[in-house]
file input.tsv (TSV, C-alpha atoms)
chain	number	residue	atom	x	y	z
B	276	MET	CA	-42.85	48.07	-21.12
B	277	LYS	CA	-41.24	44.98	-22.50
B	278	PRO	CA	-43.45	42.22	-23.84
B	279	ASN	CA	-44.23	39.66	-21.19
B	280	ASP	CA	-42.61	36.39	-22.16
B	281	ALA	CA	-42.16	37.20	-25.85
B	282	GLY	CA	-41.97	33.99	-27.86
B	283	LEU	CA	-43.28	32.16	-24.79
B	284	GLN	CA	-39.70	31.23	-23.89
B	285	LEU	CA	-40.53	30.75	-20.24
B	286	GLU	CA	-43.67	28.77	-21.02
B	287	ARG	CA	-41.79	26.49	-23.42
B	288	THR	CA	-39.04	25.96	-20.88
B	289	GLN	CA	-41.51	25.10	-18.16
B	290	LEU	CA	-43.28	22.63	-20.43
B	291	ALA	CA	-39.89	21.01	-21.14
B	292	TRP	CA	-39.28	20.72	-17.39
B	293	ARG	CA	-42.70	19.16	-16.92
B	294	ARG	CA	-42.33	16.50	-19.59
B	295	THR	CA	-38.78	15.69	-18.56
B	296	CYS	CA	-39.69	15.31	-14.89
B	297	LEU	CA	-42.71	13.26	-15.86
B	298	ALA	CA	-40.56	10.96	-18.04
B	299	LEU	CA	-38.04	10.54	-15.23
B	300	ALA	CA	-40.79	9.81	-12.70
B	301	VAL	CA	-42.31	7.18	-15.00
B	302	ALA	CA	-38.89	5.59	-15.62
B	303	GLY	CA	-38.15	5.56	-11.89
B	304	ALA	CA	-41.53	4.04	-11.10
B	305	LEU	CA	-41.00	1.32	-13.71
B	306	ALA	CA	-37.55	0.58	-12.30
B	307	ALA	CA	-38.96	0.36	-8.76
B	308	ARG	CA	-41.85	-1.84	-9.86
B	309	PHE	CA	-40.18	-4.22	-12.31
B	310	GLY	CA	-36.43	-3.97	-11.66
B	311	GLY	CA	-36.52	-5.86	-8.38
B	312	ASP	CA	-36.83	-9.30	-9.95
B	313	LEU	CA	-33.54	-9.17	-11.80
B	314	VAL	CA	-31.39	-6.50	-10.23
B	315	GLY	CA	-32.60	-6.76	-6.64
B	316	PRO	CA	-33.92	-4.40	-3.99
B	317	VAL	CA	-31.43	-1.73	-5.00
B	318	SER	CA	-33.61	-0.94	-7.99
B	319	ILE	CA	-36.44	0.02	-5.63
B	320	VAL	CA	-34.09	2.47	-3.92
B	321	PHE	CA	-32.91	3.83	-7.28
B	322	GLY	CA	-36.41	3.97	-8.71
B	323	VAL	CA	-37.94	5.72	-5.71
B	324	GLY	CA	-34.95	8.07	-5.68
B	325	CYS	CA	-35.62	8.99	-9.31
B	326	VAL	CA	-39.29	9.64	-8.60
B	327	GLY	CA	-38.21	11.84	-5.67
B	328	ALA	CA	-35.66	13.73	-7.78
B	329	ALA	CA	-38.28	14.27	-10.47
B	330	ALA	CA	-40.77	15.55	-7.89
B	331	VAL	CA	-38.27	17.93	-6.27
B	332	SER	CA	-37.00	19.24	-9.62
B	333	GLY	CA	-40.55	19.65	-10.88
B	334	LEU	CA	-41.62	21.58	-7.79
B	335	LEU	CA	-38.52	23.83	-7.86
B	336	SER	CA	-39.02	24.59	-11.54
B	337	GLU	CA	-42.72	25.33	-11.01
B	338	ARG	CA	-41.82	27.68	-8.18
B	339	ARG	CA	-39.36	29.54	-10.37
B	340	TYR	CA	-41.84	29.66	-13.21
B	341	LEU	CA	-44.46	31.29	-11.00
B	342	ALA	CA	-41.92	33.76	-9.63
B	343	LEU	CA	-40.58	34.75	-13.05
B	344	HIS	CA	-43.77	34.74	-15.02
B	345	ALA	CA	-44.89	38.21	-14.00
B	346	ARG	CA	-41.50	39.81	-14.56
B	347	PHE	CA	-39.82	38.05	-17.41
B	348	MET	CA	-36.94	39.84	-19.18
B	349	THR	CA	-35.91	41.86	-16.15
B	350	SER	CA	-34.56	39.28	-13.77
B	351	VAL	CA	-31.97	36.59	-13.31
B	352	VAL	CA	-33.26	33.41	-14.87
B	353	THR	CA	-31.23	30.70	-13.17
B	354	ARG	CA	-31.02	31.26	-9.47
B	355	SER	CA	-29.63	27.80	-8.85
B	356	ALA	CA	-28.96	24.84	-11.09
B	357	ALA	CA	-29.79	22.36	-8.34
B	358	PRO	CA	-32.80	20.94	-10.24
B	359	HIS	CA	-30.46	20.32	-13.17
B	360	VAL	CA	-28.17	18.31	-10.93
B	361	PHE	CA	-31.06	16.27	-9.50
B	362	LEU	CA	-32.25	15.33	-12.97
B	363	ALA	CA	-28.80	14.57	-14.38
B	364	VAL	CA	-27.75	12.48	-11.37
B	365	ALA	CA	-31.06	10.62	-11.34
B	366	ALA	CA	-30.81	9.86	-15.07
B	367	LEU	CA	-27.23	8.71	-14.59
B	368	ALA	CA	-28.20	6.51	-11.64
B	369	LEU	CA	-30.99	5.03	-13.70
B	370	SER	CA	-28.47	4.26	-16.44
B	371	VAL	CA	-26.30	2.40	-13.93
B	372	LEU	CA	-29.34	0.45	-12.85
B	373	GLY	CA	-30.13	-0.25	-16.50
B	374	ALA	CA	-26.63	-1.61	-17.03
B	375	ALA	CA	-27.11	-3.91	-14.05
B	376	PHE	CA	-30.43	-5.03	-15.49
B	377	VAL	CA	-28.93	-5.72	-18.90
B	378	LEU	CA	-26.08	-7.71	-17.36
B	379	ALA	CA	-28.47	-9.67	-15.17
B	380	GLU	CA	-30.85	-10.37	-18.05
B	381	LEU	CA	-28.20	-11.46	-20.52
B	382	THR	CA	-25.93	-13.57	-18.35
U	1358	MET	CA	-35.90	32.82	-6.25
U	1359	ALA	CA	-35.02	35.52	-8.72
U	1360	ASP	CA	-36.30	38.30	-6.48
U	1361	GLU	CA	-33.31	40.63	-6.86
U	1362	ALA	CA	-33.14	43.85	-8.82
U	1363	PRO	CA	-31.19	43.59	-12.08
U	1364	GLY	CA	-28.47	45.81	-10.61
U	1365	ASP	CA	-27.81	43.29	-7.87
U	1366	ALA	CA	-26.67	40.66	-10.34
U	1367	VAL	CA	-22.99	40.80	-9.42
U	1368	GLY	CA	-23.34	40.54	-5.64
U	1369	TYR	CA	-26.20	38.15	-6.07
U	1370	ALA	CA	-23.99	35.81	-8.07
U	1371	LYS	CA	-22.10	34.82	-4.91
U	1372	ASP	CA	-24.77	32.47	-3.63
U	1373	ARG	CA	-25.76	30.98	-6.92
U	1374	PHE	CA	-25.08	27.36	-7.73
U	1375	PRO	CA	-22.77	26.28	-9.30
U	1376	GLN	CA	-20.13	28.95	-8.70
U	1377	SER	CA	-17.96	27.51	-11.48
U	1378	VAL	CA	-20.62	28.79	-13.87
U	1379	PHE	CA	-22.03	31.87	-12.15
U	1380	ALA	CA	-18.92	33.35	-10.54
U	1381	GLY	CA	-17.92	35.44	-13.55
U	1382	GLY	CA	-19.28	37.20	-16.58
U	1383	ASP	CA	-22.54	39.03	-17.10
U	1384	GLU	CA	-26.12	37.91	-17.03
U	1385	PRO	CA	-26.94	36.77	-20.59
U	1386	ASP	CA	-30.19	37.44	-22.40
U	1387	PRO	CA	-32.72	35.32	-20.43
U	1388	ARG	CA	-33.93	33.75	-23.68
U	1389	PHE	CA	-30.48	32.25	-24.24
U	1390	SER	CA	-30.32	30.86	-20.71
U	1391	LEU	CA	-33.76	29.35	-21.13
U	1392	ALA	CA	-32.83	27.84	-24.50
U	1393	ASN	CA	-29.72	26.34	-22.85
U	1394	GLU	CA	-31.95	24.91	-20.15
U	1395	ARG	CA	-34.29	23.35	-22.70
U	1396	THR	CA	-31.28	21.77	-24.39
U	1397	PHE	CA	-30.25	20.31	-21.03
U	1398	LEU	CA	-33.73	18.87	-20.55
U	1399	ALA	CA	-33.76	17.45	-24.08
U	1400	TRP	CA	-30.49	15.64	-23.31
U	1401	ILE	CA	-32.02	14.19	-20.14
U	1402	ARG	CA	-34.95	12.87	-22.16
U	1403	THR	CA	-32.51	11.51	-24.74
U	1404	SER	CA	-30.71	9.71	-21.94
U	1405	LEU	CA	-33.96	8.17	-20.71
U	1406	ALA	CA	-34.88	7.08	-24.26
U	1407	LEU	CA	-31.47	5.44	-24.83
U	1408	LEU	CA	-31.75	3.68	-21.48
U	1409	ALA	CA	-35.25	2.45	-22.33
U	1410	GLY	CA	-33.95	1.16	-25.67
U	1411	GLY	CA	-31.08	-0.69	-24.03
U	1412	VAL	CA	-33.32	-2.29	-21.43
U	1413	ALA	CA	-35.84	-3.23	-24.11
U	1414	VAL	CA	-33.21	-4.96	-26.28
U	1415	ALA	CA	-32.15	-6.96	-23.22
U	1416	ALA	CA	-35.63	-7.73	-21.91
U	1417	LEU	CA	-37.50	-8.57	-25.10
U	1418	HIS	CA	-37.07	-12.07	-26.47
U	1419	LEU	CA	-35.66	-11.14	-29.84
U	1420	SER	CA	-34.43	-13.86	-32.20
U	1421	ILE	CA	-30.94	-12.39	-32.14
U	1422	PRO	CA	-27.93	-14.27	-30.73
U	1423	LEU	CA	-27.12	-13.32	-27.15
U	1424	PRO	CA	-23.73	-11.66	-27.77
U	1425	PHE	CA	-25.30	-9.31	-30.30
U	1426	ARG	CA	-28.19	-8.41	-28.00
U	1427	ALA	CA	-25.78	-7.89	-25.11
U	1428	ALA	CA	-23.50	-5.66	-27.19
U	1429	ALA	CA	-26.38	-3.58	-28.54
U	1430	SER	CA	-28.05	-3.09	-25.17
U	1431	LEU	CA	-24.80	-2.30	-23.38
U	1432	ILE	CA	-23.90	0.31	-26.00
U	1433	LEU	CA	-27.36	1.88	-25.61
U	1434	VAL	CA	-27.15	1.95	-21.83
U	1435	PHE	CA	-23.65	3.45	-21.92
U	1436	LEU	CA	-24.83	6.07	-24.38
U	1437	GLY	CA	-27.68	6.80	-21.96
U	1438	ALA	CA	-25.22	7.34	-19.12
U	1439	GLY	CA	-23.10	9.50	-21.43
U	1440	ALA	CA	-26.10	11.58	-22.45
U	1441	ALA	CA	-27.03	12.24	-18.82
U	1442	THR	CA	-23.46	13.29	-18.03
U	1443	ASN	CA	-23.24	15.38	-21.18
U	1444	ALA	CA	-26.52	17.07	-20.27
U	1445	TRP	CA	-24.98	18.61	-17.19
U	1446	LEU	CA	-21.47	19.28	-18.57
U	1447	SER	CA	-22.67	20.96	-21.74
U	1448	TRP	CA	-25.29	23.00	-19.86
U	1449	ALA	CA	-22.50	24.34	-17.61
U	1450	ASN	CA	-20.12	24.95	-20.53
U	1451	THR	CA	-22.75	26.75	-22.57
U	1452	GLU	CA	-23.95	28.90	-19.68
U	1453	ARG	CA	-20.34	29.81	-18.86
U	1454	SER	CA	-19.67	30.76	-22.49
U	1455	LEU	CA	-22.87	32.82	-22.65
U	1456	ARG	CA	-21.91	34.74	-19.53
U	1457	ARG	CA	-18.42	35.49	-20.82
U	1458	GLY	CA	-19.39	36.23	-24.41
U	1459	ARG	CA	-17.26	33.39	-25.75
U	1460	ALA	CA	-17.94	31.00	-28.59
U	1461	LEU	CA	-19.99	27.97	-27.67
U	1462	ARG	CA	-18.40	24.55	-27.66
U	1463	GLY	CA	-19.43	22.16	-30.35
U	1464	PRO	CA	-21.72	19.21	-29.66
U	1465	THR	CA	-18.86	16.85	-28.76
U	1466	PHE	CA	-21.05	14.07	-27.45
U	1467	GLY	CA	-23.08	14.19	-30.65
U	1468	LEU	CA	-20.35	12.30	-32.49
U	1469	ALA	CA	-20.20	9.54	-29.86
U	1470	LEU	CA	-23.98	9.31	-29.98
U	1471	THR	CA	-24.05	9.04	-33.77
U	1472	VAL	CA	-21.29	6.43	-33.90
U	1473	GLY	CA	-22.86	4.49	-31.03
U	1474	ILE	CA	-26.32	4.38	-32.57
U	1475	LEU	CA	-24.86	3.37	-35.94
U	1476	LEU	CA	-23.00	0.56	-34.15
U	1477	VAL	CA	-26.21	-0.58	-32.47
U	1478	ILE	CA	-28.02	-0.65	-35.81
U	1479	ILE	CA	-25.19	-2.63	-37.44
U	1480	VAL	CA	-24.95	-5.08	-34.54
U	1481	LEU	CA	-28.70	-5.71	-34.47
U	1482	LEU	CA	-28.84	-6.01	-38.24
U	1483	ILE	CA	-26.02	-8.56	-38.40
U	1484	GLY	CA	-27.42	-10.39	-35.39
U	1485	SER	CA	-30.86	-10.70	-36.92
U	1486	LEU	CA	-29.44	-12.04	-40.20
U	1487	LEU	CA	-27.46	-14.82	-38.53
call {"tool": "encode", "arguments": {"input": "input.tsv", "output": "C-alpha cells"}}
result
Amino acid sequence: MKPNDAGLQLERTQLAWRRTCLALAVAGALAARFGGDLVGPVSIVFGVGCVGAAAVSGLLSERRYLALHARFMTSVVTRSAAPHVFLAVAALALSVLGAAFVLAELT
Amino acid sequence: MADEAPGDAVGYAKDRFPQSVFAGGDEPDPRFSLANERTFLAWIRTSLALLAGGVAVAALHLSIPLPFRAAASLILVFLGAGAATNAWLSWANTERSLRRGRALRGPTFGLALTVGILLVIIVLLIGSLL
C-alpha cells in the first residue's frame, strides 16, 4: 500500500487552487464594483466573468480533489486542463481591463 | 474525473484536454504534475499582483509626474498580461516535457519580469525625485 498523499502534494495543490481562485474572484469583484466609473460597463462584464471563471475553476478543482484524494498515486492527475484555461484567460482579460483603466485614469 | 485504471492511460489520453499536451508520452509521477500545476497557479497570482500594482500606481494620487506614473503602471499591467499568458504556456510546455522525459524549458518570462520590475523601480524612483 502506497502512502496516501505523501508530502501532502494533493492537499497543497488544492490549497493553491483555492487561494488563486479566491484572489481572482476578489479581483473580478473589485473590477465589477469600481471599474465602471472609468472604463465603463464593460468592466462589469469582465469582472463578473472573472468571478464566474474563478467559481467554475474552483468547483472543478474541488471535484477532482475529492475524486483523487482516496486514491492518490495510482491515477491520472490531470483529466482536463480546462480550469487552467479559465483562470489564465480570466487573468489575461483582467489585465486588458487594467490597461484600459490605466489609460483612462492617466489621460 | 480520473476514474480510469492506470492501464487505461493511453486510450484515456484521447479525450483529455489539451491534446497538444496529452496526446503523447507517458503519465509522469503525479507529484511532478501537481508541482507543475502549483507553478501555474503561482503565475496566475503573480499576474493578479502585477495588475493590482499597475492599477494602484495609476489610481493613487502619487506626487510623481504623469508620464512616469503612466509608464510604470503600463509596464506593470503588461507584465501582468504576460504573466497570465506565460502561466498557461509554461504549464503546457512543462507538462509536455514531463510526459516525454525531456529537459524542462528555462523560465524565459522570468527575465522579462525581472527587467520590467527593475524598469518600474527606476521610473518611479526618478519620477519621485523630480
call {"tool": "interface_residues", "arguments": {"input": "input.tsv", "of": "chain B", "to": "chain U", "cutoff": "8 Å", "atoms": "only C-alpha atoms", "output": "MDAnalysis selection string"}}
result
chainID B and resid 284:285 288 291:292 295 298:299 302 339 342:343 348:357 359:360 362:364 366:367 369:371 373:374 376:378 380:381
call {"tool": "atom_distance", "arguments": {"input": "input.tsv", "atom1": "atom CA of Val320 of chain B", "atom2": "atom CA of Phe361 of chain B"}}
result
15.2 Å
call {"tool": "residues_around", "arguments": {"input": "input.tsv", "residues": "Phe1425 of chain U", "least_positions_apart": "3", "cutoff": "10 Å", "atoms": "all atoms listed in the file", "output": "compact mmCIF listing (two decimals) with C-alpha atoms, in the frame of the given file"}}
result
# COMPACT_ATOMS: atom_id res chain seq x y z
CA VAL U 1414 -33.21 -4.96 -26.28
CA ILE U 1421 -30.94 -12.39 -32.14
CA PRO U 1422 -27.93 -14.27 -30.73
CA ALA U 1428 -23.50 -5.66 -27.19
CA ALA U 1429 -26.38 -3.58 -28.54
CA SER U 1430 -28.05 -3.09 -25.17
CA LEU U 1431 -24.80 -2.30 -23.38
CA VAL U 1477 -26.21 -0.58 -32.47
CA ILE U 1479 -25.19 -2.63 -37.44
CA VAL U 1480 -24.95 -5.08 -34.54
CA LEU U 1481 -28.70 -5.71 -34.47
CA LEU U 1482 -28.84 -6.01 -38.24
CA ILE U 1483 -26.02 -8.56 -38.40
CA GLY U 1484 -27.42 -10.39 -35.39
CA SER U 1485 -30.86 -10.70 -36.92
call {"tool": "atom_distance", "arguments": {"input": "input.tsv", "atom1": "atom CA of Ala304 of chain B", "atom2": "atom CA of Ala368 of chain B"}}
result
13.6 Å
call {"tool": "atom_distance", "arguments": {"input": "input.tsv", "atom1": "atom CA of Gly322 of chain B", "atom2": "atom CA of Arg308 of chain B"}}
result
8.0 Å
call {"tool": "residues_around", "arguments": {"input": "input.tsv", "residues": "segment 1457-1459 of chain U", "least_positions_apart": "5", "cutoff": "8 Å", "atoms": "only C-alpha atoms", "output": "ChimeraX atom specification"}}
result
/U:1381-1383
call {"tool": "decode", "arguments": {"input": "input.tsv", "residues": "chain U", "atoms": "C-alpha atoms", "output": "mmCIF file, in the first residue's frame"}}
result
data_model
loop_
_atom_site.group_PDB
_atom_site.id
_atom_site.type_symbol
_atom_site.label_atom_id
_atom_site.label_comp_id
_atom_site.auth_asym_id
_atom_site.auth_seq_id
_atom_site.Cartn_x
_atom_site.Cartn_y
_atom_site.Cartn_z
ATOM 1 C CA MET U 1358 -12.704 12.628 -13.459
ATOM 2 C CA ALA U 1359 -9.695 10.408 -13.050
ATOM 3 C CA ASP U 1360 -11.780 7.262 -12.693
ATOM 4 C CA GLU U 1361 -9.786 5.095 -15.098
ATOM 5 C CA ALA U 1362 -7.450 2.259 -14.237
ATOM 6 C CA PRO U 1363 -3.753 3.110 -14.632
ATOM 7 C CA GLY U 1364 -3.535 0.723 -17.584
ATOM 8 C CA ASP U 1365 -6.096 2.753 -19.487
ATOM 9 C CA ALA U 1366 -3.838 5.784 -19.614
ATOM 10 C CA VAL U 1367 -3.052 5.562 -23.321
ATOM 11 C CA GLY U 1368 -6.601 5.175 -24.631
ATOM 12 C CA TYR U 1369 -7.839 7.537 -21.994
ATOM 13 C CA ALA U 1370 -5.492 10.231 -23.274
ATOM 14 C CA LYS U 1371 -7.652 10.705 -26.381
ATOM 15 C CA ASP U 1372 -10.320 12.749 -24.641
ATOM 16 C CA ARG U 1373 -8.055 14.762 -22.430
ATOM 17 C CA PHE U 1374 -7.632 18.474 -22.898
ATOM 18 C CA PRO U 1375 -5.422 19.851 -24.381
ATOM 19 C CA GLN U 1376 -4.392 17.176 -26.866
ATOM 20 C CA SER U 1377 -1.221 19.108 -27.726
ATOM 21 C CA VAL U 1378 -0.034 18.203 -24.229
ATOM 22 C CA PHE U 1379 -1.663 14.846 -23.515
ATOM 23 C CA ALA U 1380 -1.524 13.175 -26.929
ATOM 24 C CA GLY U 1381 1.919 11.649 -26.438
ATOM 25 C CA GLY U 1382 4.320 10.402 -23.822
ATOM 26 C CA ASP U 1383 3.675 8.622 -20.559
ATOM 27 C CA GLU U 1384 1.897 9.649 -17.417
ATOM 28 C CA PRO U 1385 4.518 11.358 -15.220
ATOM 29 C CA ASP U 1386 4.841 10.948 -11.475
ATOM 30 C CA PRO U 1387 1.669 12.644 -10.147
ATOM 31 C CA ARG U 1388 3.778 14.718 -7.763
ATOM 32 C CA PHE U 1389 5.513 16.360 -10.721
ATOM 33 C CA SER U 1390 2.220 17.140 -12.450
ATOM 34 C CA LEU U 1391 0.869 18.627 -9.240
ATOM 35 C CA ALA U 1392 4.024 20.709 -8.736
ATOM 36 C CA ASN U 1393 3.645 21.970 -12.323
ATOM 37 C CA GLU U 1394 0.058 22.868 -11.537
ATOM 38 C CA ARG U 1395 1.065 24.797 -8.425
ATOM 39 C CA THR U 1396 3.605 26.697 -10.517
ATOM 40 C CA PHE U 1397 0.822 27.590 -12.956
ATOM 41 C CA LEU U 1398 -1.332 28.850 -10.094
ATOM 42 C CA ALA U 1399 1.566 30.851 -8.645
ATOM 43 C CA TRP U 1400 1.990 32.573 -12.029
ATOM 44 C CA ILE U 1401 -1.722 33.425 -12.078
ATOM 45 C CA ARG U 1402 -1.401 35.015 -8.647
ATOM 46 C CA THR U 1403 1.722 36.841 -9.822
ATOM 47 C CA SER U 1404 -0.283 38.179 -12.744
ATOM 48 C CA LEU U 1405 -3.023 39.421 -10.418
ATOM 49 C CA ALA U 1406 -0.444 41.075 -8.138
ATOM 50 C CA LEU U 1407 1.258 42.858 -11.063
ATOM 51 C CA LEU U 1408 -2.117 44.015 -12.328
ATOM 52 C CA ALA U 1409 -3.069 45.304 -8.877
ATOM 53 C CA GLY U 1410 0.245 47.164 -8.699
ATOM 54 C CA GLY U 1411 -0.270 48.768 -12.096
ATOM 55 C CA VAL U 1412 -3.809 49.857 -11.267
ATOM 56 C CA ALA U 1413 -2.659 51.191 -7.900
ATOM 57 C CA VAL U 1414 0.115 53.314 -9.446
ATOM 58 C CA ALA U 1415 -2.469 54.789 -11.822
ATOM 59 C CA ALA U 1416 -5.251 55.252 -9.281
ATOM 60 C CA LEU U 1417 -3.358 56.592 -6.283
ATOM 61 C CA HIS U 1418 -2.529 60.276 -6.280
ATOM 62 C CA LEU U 1419 1.227 59.966 -6.066
ATOM 63 C CA SER U 1420 3.406 63.066 -6.324
ATOM 64 C CA ILE U 1421 5.089 61.681 -9.415
ATOM 65 C CA PRO U 1422 4.822 63.354 -12.845
ATOM 66 C CA LEU U 1423 2.141 61.821 -15.041
ATOM 67 C CA PRO U 1424 4.419 60.362 -17.753
ATOM 68 C CA PHE U 1425 6.375 58.442 -15.122
ATOM 69 C CA ARG U 1426 3.243 57.110 -13.441
ATOM 70 C CA ALA U 1427 1.791 56.157 -16.821
ATOM 71 C CA ALA U 1428 4.981 54.357 -17.872
ATOM 72 C CA ALA U 1429 5.275 52.475 -14.579
ATOM 73 C CA SER U 1430 1.650 51.384 -14.475
ATOM 74 C CA LEU U 1431 1.577 50.374 -18.135
ATOM 75 C CA ILE U 1432 4.716 48.264 -17.681
ATOM 76 C CA LEU U 1433 3.141 46.581 -14.640
ATOM 77 C CA VAL U 1434 -0.119 45.871 -16.437
ATOM 78 C CA PHE U 1435 1.704 44.482 -19.478
ATOM 79 C CA LEU U 1436 3.815 42.294 -17.210
ATOM 80 C CA GLY U 1437 0.560 41.109 -15.627
ATOM 81 C CA ALA U 1438 -0.822 40.137 -19.033
ATOM 82 C CA GLY U 1439 2.495 38.451 -19.845
ATOM 83 C CA ALA U 1440 2.442 36.514 -16.585
ATOM 84 C CA ALA U 1441 -1.073 35.219 -17.255
ATOM 85 C CA THR U 1442 -0.068 34.129 -20.759
ATOM 86 C CA ASN U 1443 3.161 32.609 -19.501
ATOM 87 C CA ALA U 1444 1.218 30.721 -16.825
ATOM 88 C CA TRP U 1445 -0.605 28.707 -19.447
ATOM 89 C CA LEU U 1446 2.237 28.354 -21.990
ATOM 90 C CA SER U 1447 4.811 27.217 -19.461
ATOM 91 C CA TRP U 1448 2.346 24.839 -17.790
ATOM 92 C CA ALA U 1449 1.766 23.190 -21.187
ATOM 93 C CA ASN U 1450 5.476 23.131 -22.056
ATOM 94 C CA THR U 1451 6.458 21.653 -18.719
ATOM 95 C CA GLU U 1452 3.723 19.014 -18.744
ATOM 96 C CA ARG U 1453 4.686 18.053 -22.300
ATOM 97 C CA SER U 1454 8.354 17.755 -21.306
ATOM 98 C CA LEU U 1455 7.457 15.682 -18.235
ATOM 99 C CA ARG U 1456 5.405 13.284 -20.328
ATOM 100 C CA ARG U 1457 8.175 12.829 -22.885
ATOM 101 C CA GLY U 1458 11.069 12.698 -20.436
ATOM 102 C CA ARG U 1459 12.710 15.758 -21.954
ATOM 103 C CA ALA U 1460 14.554 18.583 -20.265
ATOM 104 C CA LEU U 1461 12.368 21.378 -18.967
ATOM 105 C CA ARG U 1462 12.487 24.769 -20.602
ATOM 106 C CA GLY U 1463 14.045 27.564 -18.655
ATOM 107 C CA PRO U 1464 11.969 30.311 -17.044
ATOM 108 C CA THR U 1465 12.018 32.536 -20.145
ATOM 109 C CA PHE U 1466 9.460 35.007 -18.881
ATOM 110 C CA GLY U 1467 11.454 35.397 -15.676
ATOM 111 C CA LEU U 1468 13.954 37.629 -17.465
ATOM 112 C CA ALA U 1469 11.232 39.897 -18.865
ATOM 113 C CA LEU U 1470 9.682 40.076 -15.421
ATOM 114 C CA THR U 1471 12.978 40.980 -13.754
ATOM 115 C CA VAL U 1472 13.849 43.631 -16.342
ATOM 116 C CA GLY U 1473 10.308 45.024 -16.253
ATOM 117 C CA ILE U 1474 10.176 45.322 -12.478
ATOM 118 C CA LEU U 1475 13.630 46.923 -12.417
ATOM 119 C CA LEU U 1476 12.383 49.424 -15.010
ATOM 120 C CA VAL U 1477 9.333 50.192 -12.892
ATOM 121 C CA ILE U 1478 11.512 50.798 -9.841
ATOM 122 C CA ILE U 1479 13.850 53.082 -11.806
ATOM 123 C CA VAL U 1480 10.977 55.010 -13.400
ATOM 124 C CA LEU U 1481 9.206 55.538 -10.076
ATOM 125 C CA LEU U 1482 12.446 56.481 -8.357
ATOM 126 C CA ILE U 1483 13.389 59.076 -10.985
ATOM 127 C CA GLY U 1484 9.812 60.334 -11.099
ATOM 128 C CA SER U 1485 9.644 60.836 -7.358
ATOM 129 C CA LEU U 1486 12.954 62.736 -7.319
ATOM 130 C CA LEU U 1487 11.873 65.231 -9.972
#
